[in-house]
Amino acid sequence: MASKRIAPSVLAADFANLQRDVEMINNSEADWFHIDIMDGVFVPNISFGMPVLRDIVKHATKTIDVHLMIVDPDRYIKTFADLGSNILTVHYEACTHLHRTLQAIKANGMKAGVALNPHTNVTVLEDIINDIDLVCVMSVNPGFGGQSFIENTYKKVKQLREIITRNNAQTSIEIDGGVTNKNAKELIEAGADVLVAGSFVFKSENPTQTIKELKEIIKL
Ligand code: DX5
Ligand code: ZN
């Protein structure tokens, strides 16, 4: 993927005004909808599930990027495909047979993503990088929005970019957690393609303007 993208995280939206917030993203310069699904087992929090995603998809006009923070994600691959997900990301730490899981995601017509917790070294993906459409590098511990960015992420992104280049892979790098106007440029310079932003967008006075500002910053 050549151009750099912003994916607002719907987790930080106002769920009592969800359609309003979905339309805001539709009408903004944002590229994707980032959707966080948490099961209260893989992460110590529960977000929202299928009925909410179904209603988001009804109104959304952009790519649906689903981030599964759940154990045993294989159980729900078809369900998320049927709901209209375009990208389905599973956690490396939640998959015993990652290769099989990625093939199943693609067989269901979606792009396949792998998310890495902050403690997981990017080198674990060396032998499977050519099968991955997107690596989501967690720059906070998954489970909650509004946490502060872990600085070690820059190093991970550079290492991952090297692995992608060395293997001649087409994989995109997404950064998730604590993204703001303070770290966006450095992340792109380190080799990131997609920046997820939750609180920074939705807690700002003018989310549409904040998205525009982020897009401006990441234009290289
Ligand atoms: C964290 C989620 C993130 C979260 C990002 O577990 O995966 O997508 O919504 O939120 P901010 O941008 O507030 O850190
Ligand atoms: Zn996420």
# chains A, B, ... in the order shown; residues from 1 in each chain; ligands from 1
>>> residues_near_ligand(ligand="ligand 1", cutoff="10 Å", atoms="only C-alpha atoms and all ligand atoms", output="ChimeraX atom specification")
/A:7-13,34-38,43-45,47,66-69,115,117,136-149,175-180,195-203
>>> residues_around(residues="stretch 120-134 of chain A", least_positions_apart="3", cutoff="9 Å", atoms="only C-alpha atoms", output="PyMOL selection string")
chain A and resi 87+89+92-93+98-99+102-103+111-117+137+156-157+159-160+163-164+167-174
>>> atom_distance(atom1="atom 1 (Zn, counted along the ligand's line) of ligand 2", atom2="atom CA of A:Thr165")
24.7 Å
>>> select_by_dssp(residues="stretch 27-212 of chain A", states="alpha helix (DSSP H)", output="ChimeraX atom specification")
/A:50-59,77-82,98-107,153-166,184-190,199-202,207-212
>>> closest_residue(among="A:Ile25, A:Leu187, A:Ile64, A:Val135", to="A:Ile150", atoms="only C-alpha atoms")
A:Leu187
>>> residues_around(residues="A:Asp82", least_positions_apart="3", cutoff="12 Å", atoms="only C-alpha atoms", output="MDAnalysis selection string")
chainID A and resid 50 53:54 57 76:79 85:86 88 105 108:110
>>> residues_around(residues="A:Ser28", least_positions_apart="3", cutoff="8 Å", atoms="only C-alpha atoms", output="PyMOL selection string")
chain A and resi 24-25+208+211-212
>>> closest_residue(among="A:Asp65, A:Asp72, A:Asp14, A:Glu29", to="A:Val41", atoms="only C-alpha atoms")
A:Asp72
>>> select_by_dssp(residues="stretch 45-185 of chain A", states="strand (DSSP E or B)", output="list of chain:residue names")
A:Ile46, A:Thr63, A:Ile64, A:Asp65, A:Val66, A:His67, A:Leu68, A:Met69, A:Ile87, A:Leu88, A:Thr89, A:Val90, A:His91, A:Lys111, A:Ala112, A:Gly113, A:Val114, A:Ala115, A:Leu116, A:Leu134, A:Val135, A:Cys136, A:Val137, A:Met138, A:Ser172, A:Ile173, A:Glu174, A:Ile175, A:Asp176
>>> write_last_selection(atoms="N, CA and C atoms", output="mmCIF file, in the first residue's frame")
data_model
loop_
_atom_site.group_PDB
_atom_site.id
_atom_site.type_symbol
_atom_site.label_atom_id
_atom_site.label_comp_id
_atom_site.auth_asym_id
_atom_site.auth_seq_id
_atom_site.Cartn_x
_atom_site.Cartn_y
_atom_site.Cartn_z
ATOM 1 N N ILE A 46 -14.174 -5.726 27.872
ATOM 2 C CA ILE A 46 -15.134 -6.157 26.856
ATOM 3 C C ILE A 46 -15.575 -4.903 26.116
ATOM 4 N N THR A 63 -13.352 1.307 4.255
ATOM 5 C CA THR A 63 -12.815 -0.001 4.640
ATOM 6 C C THR A 63 -13.034 -0.302 6.131
ATOM 7 N N ILE A 64 -13.503 -1.504 6.411
ATOM 8 C CA ILE A 64 -13.753 -1.927 7.793
ATOM 9 C C ILE A 64 -12.578 -2.805 8.247
ATOM 10 N N ASP A 65 -11.813 -2.257 9.165
ATOM 11 C CA ASP A 65 -10.588 -2.879 9.667
ATOM 12 C C ASP A 65 -10.876 -3.398 11.080
ATOM 13 N N VAL A 66 -11.044 -4.712 11.192
ATOM 14 C CA VAL A 66 -11.465 -5.300 12.474
ATOM 15 C C VAL A 66 -10.270 -5.893 13.219
ATOM 16 N N HIS A 67 -10.105 -5.467 14.450
ATOM 17 C CA HIS A 67 -9.003 -5.908 15.314
ATOM 18 C C HIS A 67 -9.586 -6.804 16.405
ATOM 19 N N LEU A 68 -9.338 -8.103 16.267
ATOM 20 C CA LEU A 68 -9.895 -9.058 17.236
ATOM 21 C C LEU A 68 -8.939 -9.240 18.407
ATOM 22 N N MET A 69 -9.373 -8.837 19.589
ATOM 23 C CA MET A 69 -8.600 -9.100 20.804
ATOM 24 C C MET A 69 -9.358 -10.176 21.565
ATOM 25 N N ILE A 87 -10.793 -6.214 6.487
ATOM 26 C CA ILE A 87 -9.507 -6.673 7.026
ATOM 27 C C ILE A 87 -9.821 -7.317 8.374
ATOM 28 N N LEU A 88 -9.286 -8.509 8.600
ATOM 29 C CA LEU A 88 -9.498 -9.155 9.905
ATOM 30 C C LEU A 88 -8.127 -9.439 10.521
ATOM 31 N N THR A 89 -7.890 -8.803 11.672
ATOM 32 C CA THR A 89 -6.604 -8.933 12.354
ATOM 33 C C THR A 89 -6.769 -9.766 13.613
ATOM 34 N N VAL A 90 -5.921 -10.782 13.731
ATOM 35 C CA VAL A 90 -5.919 -11.644 14.924
ATOM 36 C C VAL A 90 -4.614 -11.395 15.683
ATOM 37 N N HIS A 91 -4.596 -11.733 16.957
ATOM 38 C CA HIS A 91 -3.361 -11.559 17.719
ATOM 39 C C HIS A 91 -2.453 -12.767 17.560
ATOM 40 N N LYS A 111 -8.712 -9.434 3.874
ATOM 41 C CA LYS A 111 -7.269 -9.281 4.051
ATOM 42 C C LYS A 111 -6.944 -9.792 5.447
ATOM 43 N N ALA A 112 -5.738 -10.372 5.572
ATOM 44 C CA ALA A 112 -5.378 -10.998 6.844
ATOM 45 C C ALA A 112 -4.344 -10.169 7.599
ATOM 46 N N GLY A 113 -4.671 -9.847 8.854
ATOM 47 C CA GLY A 113 -3.762 -9.070 9.696
ATOM 48 C C GLY A 113 -3.333 -9.843 10.926
ATOM 49 N N VAL A 114 -2.135 -9.496 11.422
ATOM 50 C CA VAL A 114 -1.622 -10.081 12.667
ATOM 51 C C VAL A 114 -1.217 -8.933 13.586
ATOM 52 N N ALA A 115 -1.729 -8.946 14.820
ATOM 53 C CA ALA A 115 -1.353 -7.924 15.802
ATOM 54 C C ALA A 115 -0.328 -8.500 16.772
ATOM 55 N N LEU A 116 0.607 -7.631 17.163
ATOM 56 C CA LEU A 116 1.656 -8.027 18.115
ATOM 57 C C LEU A 116 1.536 -7.206 19.385
ATOM 58 N N LEU A 134 -1.289 -7.296 6.701
ATOM 59 C CA LEU A 134 -1.133 -6.161 7.609
ATOM 60 C C LEU A 134 -0.588 -6.645 8.952
ATOM 61 N N VAL A 135 0.437 -5.974 9.449
ATOM 62 C CA VAL A 135 0.877 -6.238 10.826
ATOM 63 C C VAL A 135 0.465 -5.039 11.661
ATOM 64 N N CYS A 136 -0.281 -5.308 12.731
ATOM 65 C CA CYS A 136 -0.709 -4.258 13.650
ATOM 66 C C CYS A 136 0.246 -4.282 14.848
ATOM 67 N N VAL A 137 1.099 -3.286 14.912
ATOM 68 C CA VAL A 137 2.056 -3.201 16.019
ATOM 69 C C VAL A 137 1.366 -2.451 17.159
ATOM 70 N N MET A 138 1.123 -3.144 18.262
ATOM 71 C CA MET A 138 0.456 -2.498 19.402
ATOM 72 C C MET A 138 1.451 -1.582 20.111
ATOM 73 N N SER A 172 1.524 -4.307 4.981
ATOM 74 C CA SER A 172 1.436 -2.947 5.529
ATOM 75 C C SER A 172 1.651 -2.987 7.033
ATOM 76 N N ILE A 173 2.167 -1.891 7.560
ATOM 77 C CA ILE A 173 2.387 -1.781 9.005
ATOM 78 C C ILE A 173 1.398 -0.774 9.589
ATOM 79 N N GLU A 174 0.644 -1.240 10.573
ATOM 80 C CA GLU A 174 -0.331 -0.390 11.266
ATOM 81 C C GLU A 174 0.120 -0.197 12.710
ATOM 82 N N ILE A 175 -0.071 1.008 13.225
ATOM 83 C CA ILE A 175 0.280 1.296 14.617
ATOM 84 C C ILE A 175 -0.999 1.572 15.386
ATOM 85 N N ASP A 176 -1.127 0.937 16.544
ATOM 86 C CA ASP A 176 -2.380 1.034 17.290
ATOM 87 C C ASP A 176 -2.127 1.330 18.766
#
>>> atom_distance(atom1="atom CA of A:Asn206", atom2="atom CA of A:Asn26")
14.7 Å
